[in-house]
Every structure is written in C-alpha cells, then in structure tokens.
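protein31.txt, holding compact mmCIF, C-alpha atoms:
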```txt
# COMPACT_ATOMS: atom_id res chain seq x y z
CA MET A 1 9.80 -3.27 -22.53
CA ILE A 2 11.83 -6.40 -21.92
CA ARG A 3 9.75 -9.52 -22.37
CA MET A 4 10.32 -12.68 -20.42
CA SER A 5 11.94 -15.37 -22.53
CA THR A 6 9.30 -18.05 -23.05
CA ARG A 7 11.85 -20.66 -24.13
CA HIS A 8 13.87 -20.27 -20.94
CA ILE A 9 10.79 -20.29 -18.78
CA LEU A 10 9.60 -23.51 -20.41
CA LEU A 11 13.09 -24.99 -19.95
CA GLY A 12 12.87 -23.97 -16.30
CA LEU A 13 9.51 -25.70 -15.88
CA LEU A 14 10.87 -28.80 -17.66
CA ALA A 15 13.80 -28.83 -15.20
CA ALA A 16 11.30 -30.06 -12.60
CA GLY A 17 10.61 -33.15 -14.76
CA PRO A 18 9.14 -34.20 -18.13
CA SER A 19 5.83 -32.62 -18.98
CA HIS A 20 3.40 -32.02 -21.83
CA GLY A 21 2.27 -28.73 -23.33
CA TYR A 22 -1.01 -28.38 -21.52
CA ASP A 23 0.60 -29.05 -18.16
CA LEU A 24 3.42 -26.57 -18.88
CA LYS A 25 0.92 -23.84 -19.67
CA ARG A 26 -0.98 -24.55 -16.47
CA ARG A 27 2.18 -24.56 -14.34
CA HIS A 28 3.40 -21.36 -15.98
CA ASP A 29 0.20 -19.55 -15.05
CA GLU A 30 0.50 -20.85 -11.48
CA ARG A 31 4.14 -19.89 -11.04
CA PHE A 32 3.77 -16.49 -12.64
CA PRO A 33 0.47 -15.18 -11.34
CA GLN A 34 -0.37 -11.69 -12.66
CA ALA A 35 1.81 -12.40 -15.74
CA ARG A 36 0.13 -12.39 -19.12
CA PRO A 37 -1.11 -16.01 -19.45
CA LEU A 38 0.78 -18.10 -22.01
CA ALA A 39 -1.19 -18.99 -25.15
CA TYR A 40 -1.30 -22.74 -25.94
CA GLY A 41 -0.11 -22.02 -29.49
CA GLN A 42 2.96 -20.28 -28.13
CA VAL A 43 3.77 -23.18 -25.82
CA TYR A 44 3.65 -25.68 -28.70
CA THR A 45 5.70 -23.60 -31.16
CA THR A 46 8.30 -22.90 -28.46
CA LEU A 47 8.52 -26.60 -27.56
CA GLN A 48 9.06 -27.47 -31.24
CA ARG A 49 11.88 -24.93 -31.47
CA LEU A 50 13.50 -26.26 -28.29
CA VAL A 51 13.47 -29.75 -29.87
CA ARG A 52 14.85 -28.38 -33.16
CA ASP A 53 17.71 -26.69 -31.26
CA GLY A 54 18.51 -29.80 -29.23
CA LEU A 55 17.52 -28.20 -25.89
CA ALA A 56 14.54 -30.48 -25.31
CA GLU A 57 13.44 -33.86 -26.66
CA ILE A 58 10.30 -35.88 -26.95
CA GLU A 59 10.03 -38.44 -24.19
CA GLY A 60 6.95 -40.18 -25.45
CA THR A 61 3.23 -39.89 -25.93
CA ASP A 62 0.34 -40.90 -23.75
CA SER A 63 -3.36 -40.52 -24.13
CA ASP A 64 -4.66 -41.14 -20.61
CA GLY A 65 -8.05 -41.95 -22.10
CA GLY A 66 -8.21 -38.52 -23.81
CA PRO A 67 -6.47 -37.10 -26.86
CA GLU A 68 -2.85 -38.11 -27.43
CA ARG A 69 -0.31 -35.89 -25.70
CA THR A 70 3.40 -35.53 -26.32
CA THR A 71 5.64 -35.42 -23.27
CA TYR A 72 8.86 -33.39 -23.46
CA ARG A 73 11.98 -33.38 -21.35
CA SER A 74 14.99 -31.11 -21.13
CA THR A 75 18.35 -32.26 -22.55
CA GLU A 76 21.79 -31.65 -21.03
CA ASP A 77 22.26 -28.81 -23.50
CA GLY A 78 18.92 -27.45 -22.35
CA ALA A 79 20.00 -27.57 -18.69
CA ARG A 80 23.27 -25.79 -19.57
CA GLU A 81 21.46 -23.12 -21.58
CA LEU A 82 18.99 -22.58 -18.72
CA ALA A 83 21.72 -22.22 -16.09
CA GLN A 84 23.56 -19.73 -18.28
CA TRP A 85 20.43 -17.64 -18.89
CA ALA A 86 19.38 -17.66 -15.22
CA GLY A 87 22.79 -16.38 -14.13
CA GLU A 88 23.11 -13.67 -16.77
CA ILE A 89 22.33 -10.16 -15.63
CA ALA A 90 19.38 -8.50 -17.27
CA PRO A 91 20.49 -5.20 -18.89
CA PRO A 92 19.43 -2.52 -16.37
CA ALA A 93 16.99 -0.36 -18.32
CA PRO A 94 19.08 0.07 -21.50
CA PHE A 95 16.40 2.25 -23.11
CA VAL A 96 13.88 4.61 -21.59
CA THR A 97 10.84 3.50 -23.52
CA ASN A 98 7.90 3.93 -21.27
CA GLU A 99 4.41 4.83 -22.42
CA ILE A 100 3.80 7.26 -19.55
CA PHE A 101 7.04 9.10 -20.25
CA ALA A 102 6.22 9.23 -23.99
CA LYS A 103 2.73 10.57 -23.35
CA VAL A 104 4.00 13.37 -21.13
CA VAL A 105 6.55 14.47 -23.74
CA VAL A 106 4.05 14.20 -26.61
CA SER A 107 1.49 16.08 -24.57
CA ILE A 108 3.96 18.94 -24.00
CA LEU A 109 4.94 18.97 -27.72
CA SER A 110 1.34 19.10 -28.88
CA GLY A 111 0.20 21.72 -26.41
CA GLY A 112 -1.86 19.19 -24.44
CA ASP A 113 -2.47 19.09 -20.69
CA PRO A 114 0.27 16.86 -19.23
CA GLU A 115 -0.70 17.76 -15.66
CA ALA A 116 -4.27 16.54 -16.14
CA TYR A 117 -2.90 13.38 -17.76
CA LEU A 118 -0.54 12.79 -14.82
CA ARG A 119 -3.35 13.24 -12.31
CA ALA A 120 -5.53 10.71 -14.12
CA GLN A 121 -2.65 8.27 -14.52
CA ARG A 122 -1.80 8.61 -10.84
CA ALA A 123 -5.38 7.71 -9.92
CA ALA A 124 -5.26 4.63 -12.16
CA HIS A 125 -1.94 3.58 -10.63
CA MET A 126 -3.31 3.96 -7.09
CA GLU A 127 -6.40 1.94 -7.97
CA ARG A 128 -4.21 -0.90 -9.29
CA MET A 129 -1.98 -0.67 -6.19
CA ARG A 130 -5.04 -1.03 -3.95
CA GLU A 131 -6.09 -4.14 -5.91
CA LEU A 132 -2.63 -5.69 -5.66
CA THR A 133 -2.39 -4.87 -1.95
CA ALA A 134 -5.73 -6.59 -1.35
CA VAL A 135 -4.54 -9.63 -3.33
CA LYS A 136 -1.31 -10.01 -1.39
CA THR A 137 -2.76 -9.40 2.07
CA ALA A 138 -5.74 -11.74 1.58
CA HIS A 139 -5.73 -14.70 3.96
CA GLY A 140 -4.03 -17.70 2.39
CA ALA A 141 -2.22 -15.80 -0.42
CA ASP A 142 0.60 -18.09 -1.64
CA LEU A 143 4.23 -17.05 -2.03
CA ALA A 144 4.11 -16.73 -5.83
CA THR A 145 1.15 -14.36 -5.53
CA VAL A 146 2.84 -12.26 -2.84
CA LEU A 147 6.11 -12.06 -4.80
CA SER A 148 4.42 -11.05 -8.03
CA ALA A 149 2.26 -8.45 -6.25
CA ASP A 150 5.39 -7.05 -4.52
CA TYR A 151 7.13 -6.81 -7.86
CA ALA A 152 4.23 -4.97 -9.50
CA LEU A 153 3.69 -2.69 -6.47
CA ASN A 154 7.31 -1.60 -6.39
CA HIS A 155 7.29 -0.78 -10.09
CA LEU A 156 4.02 1.12 -9.88
CA ASP A 157 5.44 2.99 -6.89
CA ALA A 158 8.54 3.91 -8.93
CA ASP A 159 6.27 5.21 -11.71
CA LEU A 160 4.33 7.25 -9.17
CA ARG A 161 7.45 8.83 -7.74
CA TRP A 162 8.57 9.72 -11.25
CA MET A 163 5.14 11.19 -12.00
CA THR A 164 5.19 13.28 -8.80
CA THR A 165 8.63 14.67 -9.61
CA THR A 166 7.57 15.31 -13.20
CA ALA A 167 4.45 17.17 -12.13
CA ALA A 168 6.67 19.36 -9.97
CA ARG A 169 9.10 19.93 -12.84
CA LEU A 170 6.52 20.51 -15.53
CA THR A 171 6.84 24.24 -15.72
CA THR A 172 10.57 23.99 -16.38
CA LEU A 173 10.17 20.98 -18.67
CA THR A 174 7.53 22.73 -20.77
CA ALA A 175 9.77 25.75 -21.18
CA GLU A 176 12.67 23.52 -22.34
CA VAL A 177 10.65 21.56 -24.89
CA ASP A 178 9.06 24.75 -26.23
CA THR A 179 12.40 26.40 -26.91
CA ALA A 180 14.08 23.26 -28.32
CA MET B 1 -16.50 -1.89 2.30
CA SER B 2 -17.74 1.18 4.07
CA ASN B 3 -20.31 3.67 2.96
CA LYS B 4 -17.57 5.86 1.52
CA GLY B 5 -18.65 8.54 -0.85
CA GLY B 6 -22.29 7.79 -0.17
CA THR B 7 -24.93 10.16 1.06
CA ALA B 8 -24.52 9.10 4.70
CA VAL B 9 -23.44 11.77 7.17
CA PRO B 10 -19.67 11.61 7.58
CA LEU B 11 -18.25 10.72 10.98
CA LEU B 12 -15.66 13.46 10.69
CA ALA B 13 -15.82 16.40 8.31
CA ALA B 14 -13.50 19.34 7.86
CA ARG B 15 -14.61 22.24 5.69
CA ASP B 16 -12.45 24.98 4.19
CA LEU B 17 -9.77 24.80 6.84
CA VAL B 18 -7.32 27.66 6.92
CA LYS B 19 -4.35 27.67 9.25
CA ALA B 20 -1.18 29.73 9.25
CA HIS B 21 1.97 29.27 11.31
CA GLY B 22 3.36 32.78 11.43
CA ARG B 23 3.61 33.82 7.80
CA THR B 24 3.46 30.29 6.47
CA GLN B 25 0.05 29.30 5.20
CA ALA B 26 -0.10 25.57 6.08
CA LEU B 27 -3.75 25.03 5.11
CA ARG B 28 -5.61 27.11 2.53
CA GLY B 29 -9.15 25.83 2.32
CA ALA B 30 -8.71 22.11 3.00
CA SER B 31 -11.89 20.00 3.12
CA VAL B 32 -12.06 16.31 3.87
CA GLU B 33 -14.67 13.77 5.00
CA LEU B 34 -14.15 10.50 6.82
CA HIS B 35 -17.03 8.02 7.04
CA ALA B 36 -17.60 5.43 9.76
CA GLY B 37 -15.46 2.34 9.17
CA GLU B 38 -13.63 3.90 6.24
CA ILE B 39 -9.87 3.77 5.76
CA LEU B 40 -8.75 7.02 4.16
CA ALA B 41 -5.22 7.90 3.09
CA VAL B 42 -4.13 11.53 3.15
CA THR B 43 -1.01 11.86 1.05
CA GLY B 44 1.18 14.75 0.01
CA ALA B 45 4.78 15.89 -0.11
CA SER B 46 6.49 17.00 3.08
CA GLY B 47 5.45 20.53 3.91
CA SER B 48 2.10 20.08 2.17
CA GLY B 49 0.21 20.58 5.43
CA LYS B 50 -0.47 16.95 6.45
CA SER B 51 0.53 17.36 10.08
CA THR B 52 -1.36 20.64 10.49
CA LEU B 53 -4.44 18.96 9.06
CA LEU B 54 -4.08 16.11 11.55
CA HIS B 55 -3.74 18.58 14.43
CA CYS B 56 -6.90 20.41 13.34
CA LEU B 57 -8.85 17.17 12.92
CA THR B 58 -7.94 15.96 16.41
CA GLY B 59 -8.63 19.34 17.99
CA ILE B 60 -5.01 19.80 19.10
CA VAL B 61 -4.90 22.99 17.06
CA ARG B 62 -7.81 25.31 16.27
CA PRO B 63 -8.03 26.42 12.63
CA ASP B 64 -7.96 30.16 11.78
CA ALA B 65 -11.06 29.62 9.65
CA GLY B 66 -13.27 26.73 8.59
CA SER B 67 -14.94 24.02 10.65
CA VAL B 68 -14.31 20.51 11.93
CA SER B 69 -17.40 18.45 12.79
CA TYR B 70 -17.31 15.13 14.58
CA GLY B 71 -20.51 13.21 15.23
CA GLY B 72 -22.58 16.42 15.21
CA GLU B 73 -20.20 18.43 17.41
CA ARG B 74 -18.07 21.35 16.21
CA LEU B 75 -14.60 20.29 17.34
CA ASP B 76 -13.16 23.69 16.54
CA GLN B 77 -15.51 25.28 19.07
CA LEU B 78 -15.50 22.71 21.88
CA PRO B 79 -14.00 23.53 25.26
CA GLU B 80 -10.67 21.86 26.00
CA LYS B 81 -12.22 19.57 28.61
CA ARG B 82 -14.64 17.98 26.15
CA LEU B 83 -11.87 17.75 23.53
CA SER B 84 -9.63 15.82 25.92
CA GLU B 85 -12.50 13.51 26.71
CA LEU B 86 -13.09 12.84 22.99
CA ARG B 87 -9.41 12.21 22.41
CA ARG B 88 -9.37 9.75 25.30
CA THR B 89 -12.53 7.84 24.43
CA GLU B 90 -13.30 8.20 20.71
CA PHE B 91 -9.93 8.82 19.06
CA GLY B 92 -6.78 6.73 18.90
CA VAL B 93 -3.53 8.22 17.65
CA VAL B 94 -0.36 6.56 16.37
CA PHE B 95 2.72 8.47 15.27
CA GLN B 96 5.81 7.60 13.25
CA PHE B 97 7.61 6.68 16.42
CA GLY B 98 5.04 4.93 18.56
CA GLN B 99 5.74 7.13 21.58
CA LEU B 100 5.43 4.24 23.94
CA ILE B 101 6.49 4.94 27.49
CA PRO B 102 10.06 3.61 27.67
CA GLU B 103 9.88 2.55 31.33
CA LEU B 104 6.75 0.43 30.88
CA THR B 105 6.54 -3.09 29.45
CA ALA B 106 4.60 -3.75 26.25
CA LEU B 107 1.72 -5.10 28.33
CA ASP B 108 1.55 -2.05 30.61
CA ASN B 109 1.87 0.36 27.68
CA VAL B 110 -1.17 -1.23 26.05
CA ALA B 111 -3.10 -1.45 29.34
CA LEU B 112 -2.42 2.21 30.17
CA PRO B 113 -5.47 3.81 28.48
CA LEU B 114 -7.73 1.38 30.35
CA LEU B 115 -5.98 2.06 33.68
CA LEU B 116 -6.42 5.81 33.09
CA ALA B 117 -10.12 5.16 32.45
CA GLY B 118 -10.39 3.48 35.84
CA VAL B 119 -10.39 -0.19 34.79
CA ARG B 120 -8.91 -2.51 37.43
CA ARG B 121 -5.30 -3.52 36.81
CA GLN B 122 -5.87 -7.26 36.41
CA GLU B 123 -8.70 -6.75 33.95
CA ALA B 124 -6.79 -4.07 32.01
CA GLN B 125 -3.79 -6.35 31.66
CA ALA B 126 -5.90 -9.28 30.52
CA THR B 127 -7.50 -7.13 27.82
CA ALA B 128 -4.09 -5.74 26.85
CA GLY B 129 -2.85 -9.32 26.39
CA GLU B 130 -5.69 -10.03 23.98
CA TRP B 131 -4.81 -6.92 21.97
CA LEU B 132 -1.15 -7.89 21.78
CA GLU B 133 -2.31 -11.25 20.44
CA ARG B 134 -4.42 -9.57 17.74
CA PHE B 135 -1.41 -7.60 16.58
CA GLY B 136 0.82 -10.66 16.52
CA VAL B 137 3.07 -9.54 19.37
CA ARG B 138 1.99 -12.07 22.00
CA GLY B 139 5.06 -13.25 23.86
CA GLN B 140 6.54 -9.73 23.96
CA GLU B 141 4.49 -8.69 27.02
CA GLU B 142 7.45 -8.13 29.30
CA LEU B 143 9.68 -6.33 26.78
CA ARG B 144 10.26 -2.60 27.14
CA PRO B 145 10.15 -0.41 24.01
CA GLY B 146 13.97 -0.28 23.79
CA GLU B 147 14.07 -4.09 23.60
CA MET B 148 11.63 -4.38 20.69
CA SER B 149 12.18 -4.03 16.95
CA GLY B 150 10.64 -0.98 15.29
CA GLY B 151 7.86 -3.08 13.78
CA GLN B 152 7.02 -4.71 17.13
CA ALA B 153 6.95 -1.33 18.86
CA GLN B 154 4.56 0.05 16.23
CA ARG B 155 2.23 -2.92 16.61
CA VAL B 156 2.24 -2.38 20.39
CA ALA B 157 1.44 1.31 19.75
CA LEU B 158 -1.46 0.28 17.51
CA ALA B 159 -2.78 -2.09 20.17
CA ARG B 160 -2.65 0.81 22.65
CA ALA B 161 -4.47 3.11 20.21
CA LEU B 162 -7.25 0.59 19.59
CA ILE B 163 -7.76 -0.90 23.07
CA THR B 164 -10.36 1.67 24.12
CA GLY B 165 -12.50 0.89 21.06
CA PRO B 166 -12.13 4.30 19.40
CA LYS B 167 -14.33 5.26 16.45
CA VAL B 168 -11.39 6.83 14.62
CA VAL B 169 -7.70 6.04 14.58
CA PHE B 170 -5.38 8.76 13.30
CA ALA B 171 -2.14 7.25 12.08
CA ASP B 172 0.59 9.76 11.20
CA GLU B 173 3.28 8.07 9.06
CA PRO B 174 2.92 4.90 11.17
CA THR B 175 5.46 3.03 9.05
CA GLY B 176 7.79 5.95 8.35
CA ALA B 177 10.68 4.44 10.26
CA LEU B 178 10.20 0.81 9.20
CA ASP B 179 11.62 -1.37 6.43
CA SER B 180 9.20 -2.73 3.85
CA LEU B 181 8.45 -6.08 5.49
CA ALA B 182 7.89 -4.58 8.95
CA SER B 183 5.77 -1.90 7.30
CA GLU B 184 3.67 -4.58 5.62
CA GLN B 185 3.10 -6.38 8.95
CA VAL B 186 2.07 -3.17 10.69
CA MET B 187 -0.29 -2.11 7.90
CA THR B 188 -1.84 -5.56 7.53
CA ALA B 189 -2.46 -5.70 11.30
CA LEU B 190 -3.93 -2.20 11.34
CA VAL B 191 -6.23 -2.74 8.36
CA HIS B 192 -7.48 -6.18 9.43
CA THR B 193 -8.18 -5.01 12.97
CA ALA B 194 -9.86 -1.78 11.88
CA ARG B 195 -12.11 -3.70 9.47
CA GLU B 196 -13.02 -6.26 12.13
CA SER B 197 -13.95 -3.61 14.66
CA GLY B 198 -15.45 -1.11 12.18
CA THR B 199 -12.97 1.57 13.23
CA ALA B 200 -12.37 4.40 10.77
CA VAL B 201 -8.72 5.14 10.02
CA LEU B 202 -7.26 8.40 8.79
CA LEU B 203 -3.85 7.43 7.52
CA ILE B 204 -1.32 10.16 6.85
CA THR B 205 1.51 9.01 4.63
CA HIS B 206 3.86 10.10 1.87
CA ASP B 207 4.28 6.46 0.79
CA ALA B 208 2.03 5.24 -2.04
CA GLN B 209 2.50 1.61 -1.03
CA VAL B 210 1.11 2.44 2.41
CA ALA B 211 -1.71 4.55 0.93
CA ALA B 212 -2.68 1.50 -1.17
CA TYR B 213 -4.00 -0.19 2.01
CA ALA B 214 -6.73 2.47 2.24
CA ASP B 215 -10.16 2.47 0.58
CA ARG B 216 -9.43 5.81 -1.06
CA GLU B 217 -6.91 8.59 -1.13
CA VAL B 218 -7.04 12.38 -0.91
CA ARG B 219 -3.96 14.33 -1.78
CA LEU B 220 -2.78 17.51 -0.06
CA SER B 221 -1.11 20.00 -2.32
CA ASP B 222 -0.29 23.53 -1.19
CA GLY B 223 -2.59 23.24 1.78
CA ALA B 224 -5.70 22.09 -0.11
CA LEU B 225 -7.04 18.59 -0.68
CA ALA B 226 -8.01 16.94 -3.93
CA PRO B 227 -9.57 13.50 -4.24
CA VAL B 228 -7.44 11.11 -6.25
CA GLY B 229 -9.44 9.37 -8.88
CA VAL B 230 -12.99 8.33 -8.43
CA THR B 231 -12.95 4.59 -8.98
CA ALA B 232 -13.80 3.98 -12.63
```

Represent the structure from my file as structure tokens, please.
Amino acid sequence: MIRMSTRHILLGLLAAGPSHGYDLKRRHDERFPQARPLAYGQVYTTLQRLVRDGLAEIEGTDSDGGPERTTYRSTEDGARELAQWAGEIAPPAPFVTNEIFAKVVVSILSGGDPEAYLRAQRAAHMERMRELTAVKTAHGADLATVLSADYALNHLDADLRWMTTTAARLTTLTAEVDTA
Amino acid sequence: MSNKGGTAVPLLAARDLVKAHGRTQALRGASVELHAGEILAVTGASGSGKSTLLHCLTGIVRPDAGSVSYGGERLDQLPEKRLSELRRTEFGVVFQFGQLIPELTALDNVALPLLLAGVRRQEAQATAGEWLERFGVRGQEELRPGEMSGGQAQRVALARALITGPKVVFADEPTGALDSLASEQVMTALVHTARESGTAVLLITHDAQVAAYADREVRLSDGALAPVGVTA
C-alpha cells in the first residue's frame, strides 16, 4: 500500500502560512477526514527533519499563556520540493499487494473456503459503503468529507467488482492453483 | 431506521418464487421481505432474475409457484382489477429510463397520476409543483422530457412515482443511465423523500454504490436470494 508522504503534507499545510505542531495536526485531521489521524510524535519528528533538510525553518516561539510552542514556516526550497512532489505522478499500482487478493490465494492453496470468505468480505464492504454514503449525504457535509467519502467508496466499489468476478472465476482459479 | 429484520409483519413478502420464461428458469425459489419504511437493495448480475422478481412483486407477472403477499392480500391470486388499483394507489414505479410522457411538460407528467385519480387540474398542478420542489427540479415545470438532462428527468419520474403517497416505490436501475454526480442527486432525493414520508423502497440495482443508499441488501444469484451480511 502506498502511504501518503507526511513531510509533503506538512509542507502543504505550511504553504498556507506559519504554524505550530499542534495546529498542523489539527488542520491535517480536518483536511483529510477519514484518513488515519496523524500522531503528535510523528508531526514533531517530521518537522525536525524538514528543518534539518532546509525545507522548513523555525519562525519563533510563543506561549499564548500556555506551554511554549515553536512556530514553523516553509522555506523556498520547501515550496519548490512541494510543487515538484504535487506534480509528480503517483506510480499506478506498481505492485498487486492487497490483503483481500492474498487471502483468496492463500485460502485456495490451503484448501480453505475462498467463496465463504468473499461473501463475508463483501458484506463488510457493503456495510462500510453504507456508512460512508450516510456520511457524505448528511445535511451540511463539507467538501473535504464528501471528497474523502467519494474516494473511499470508489475504491471499495472496485474491490467489490473484483470480488464478484473472482467468485465467478473461482472454479477455474482453484483448478489452476491446484495443478501449479 | 425502520423495523427491518424485526418480528413485525412485512409489508411485502415473497416466498419461494419460481418463474420460468420458456426453458429459462428466471427464479428458483426466491424469497424476500420488505418492511414498511425500509429501503432494500436487490442486487445481482444481469440475467440473475432481478427484473422477473420485480414483475412478480408488482403483480405484472404471476409466478409459476410460490406466493407474494402485500398487506394481507395474496397478490399472486388477486384479480387484475384489484391489482391495477393497487398499482395505481399503493405502488410507485420508476425505471431506468423514467418513461415520462414526451409530449407533456414536467409539471403535467407529475400531475398525471392525480388527474387520473380524479383530482381537479389546478389542485393537481399545485401539488405537482410542490413535488418538483422536493426533488430539486423547481423551475423546470414547463420543460418536456426531451429538454431535460437525464438526472432531471429521473427526478421528475420520482416525483411522479411518489405524488400519490404510495406505500412502496419500486425503482428498477433508476440511475442506470446517469453519470455518478447525477446518480448521487437522484439517490439522495429518493432516499431523503422516502424517509420523510415513510415510504418503503425496493431498489433494484447492479451498482454497489447505489445499493449503499439502502438499509440492507439481498443478492440474487441464479434466481434465488441471499441476504448480504447481517450487520455485525
């Protein structure tokens, strides 16, 4: 699975103006709803690396009555790096490494019941699709929520279509793996 | 949420339906229940028997064996006159292509079921206007079907299906000819309106993203139905 690049996402959030770690984490979770939330620790280590590599710098510290906070800003190198990353194509599925696919193959190899597995997986996918559909069609859903739900729904739908085709092919597939 | 899966008597229930077209066995023991206010998706590959099931459930076709009960009546045994009456007053139907009457405006298409039921023209048109508003197609009253986008035409068809206050709407691939955004508008309008009015919807679709608007899904495979996943 390709992971989102935390350093580029933080650079992207810093492009909107200087910010401190806590605020970056909060804005990340807002902009990427349904994404795995960023851990504070990861935000701080990534910021330190950005500074080390000259892509971000410390603007100053403030305490605002609470604990002292360091504010970071992007550098010109950081802006250049961000623009380059954002324009680069993501490799279109260079490897087929999907858990569902692996489980079906393993299930065939080990004499399991891939059809039962596919039925159960399909039900779980549909349940998640119903949740996401409810989230995106709720009154007042914001654009980031709708876009992230669309993204997830389309990928789940692609999985489902693959699972349907696979279920239909299973007899042939089982015969092939058995004789290999 | 409706009383789906509960012990309540279903609004519509088909048991062990068998139906053949010539030598082709379209349904081989299909059973399905639809509860009041529930939105149920019936999915399956093409040729799995979805359309035949719909025809049996609406009484358009009589099954070779099995039963269809609606509100305590055996649909598969009712005389044609009573069936027509049910279809006019209790059922609403929407197809892939809305089957609006091309010569009539959007407003008159929606008003038509009321006019047929003997409602006065002015009143029927006023009510039709309200329904167009609910489906977000206010301002299109004077357009004829050929002048509307596919998504607009489907929303007009939905307004026409719901205007008589049916207890069940049967929607057969209602978004089959639409792109994803138009499909989303049609489904959102259908689901919100059905929930507001407590109308049950039996949604036939091959599209999982459309099925995801429903409360639950049953899947047709080789003419028989299987529930998909009891919610964990």

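For region 51-53 of chain A, the residues within 12 Å (counting all atoms listed in the file, excluding itself and residues fewer than 5 positions away along the chain) are Arg7, Leu10, Leu11, Tyr44, Thr45, Thr46, Ile58, Glu59, Thr71, Tyr72, Arg73, Ser74, Thr75, Asp77, Gly78 and Glu81 of chain A.
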
Shell around Val191 (chain B) at 8 Å using all atoms listed in the file, local window under 3 positions removed, as a compact mmCIF listing (two decimals) with C-alpha atoms, keeping the file's coordinate frame:
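See out.txt below for the written result:
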```txt
# COMPACT_ATOMS: atom_id res chain seq x y z
CA ILE B 39 -9.87 3.77 5.76
CA MET B 187 -0.29 -2.11 7.90
CA THR B 188 -1.84 -5.56 7.53
CA ALA B 194 -9.86 -1.78 11.88
CA ARG B 195 -12.11 -3.70 9.47
CA TYR B 213 -4.00 -0.19 2.01
```

Kindly indicate which residue among B:Thr193, B:Thr205, B:Gln185, B:Thr164 lies nearest to chain A, using only C-alpha atoms for the distances.
-> B:Gln185

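Here CA of Arg87 (chain B) stands at a distance of 10.4 Å from CA of Lys167 (chain B).
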
Quote the spacing between CA of Ala128 (chain B) and CA of Ile163 (chain B) in Å to one decimal place.
-> 7.2 Å

Please report as a PyMOL selection string which residues of chain A come no farther than 7 Å from chain B, using only C-alpha atoms.
-> chain A and resi 120+123+126+129-130+133+137+157

May I have the protein, DNA and RNA residues with an atom at most 12 Å from (14.3, -25.4, -18.6), counting only C-alpha atoms in the file's coordinates, returned as a VMD selection string?
-> chain A and resid 5 to 19 24 28 46 to 47 50 55 to 57 72 to 86

Interatomic distance (Å, one decimal) between CA of Glu73 (chain B) and CA of Ala26 (chain B) = 24.2 Å
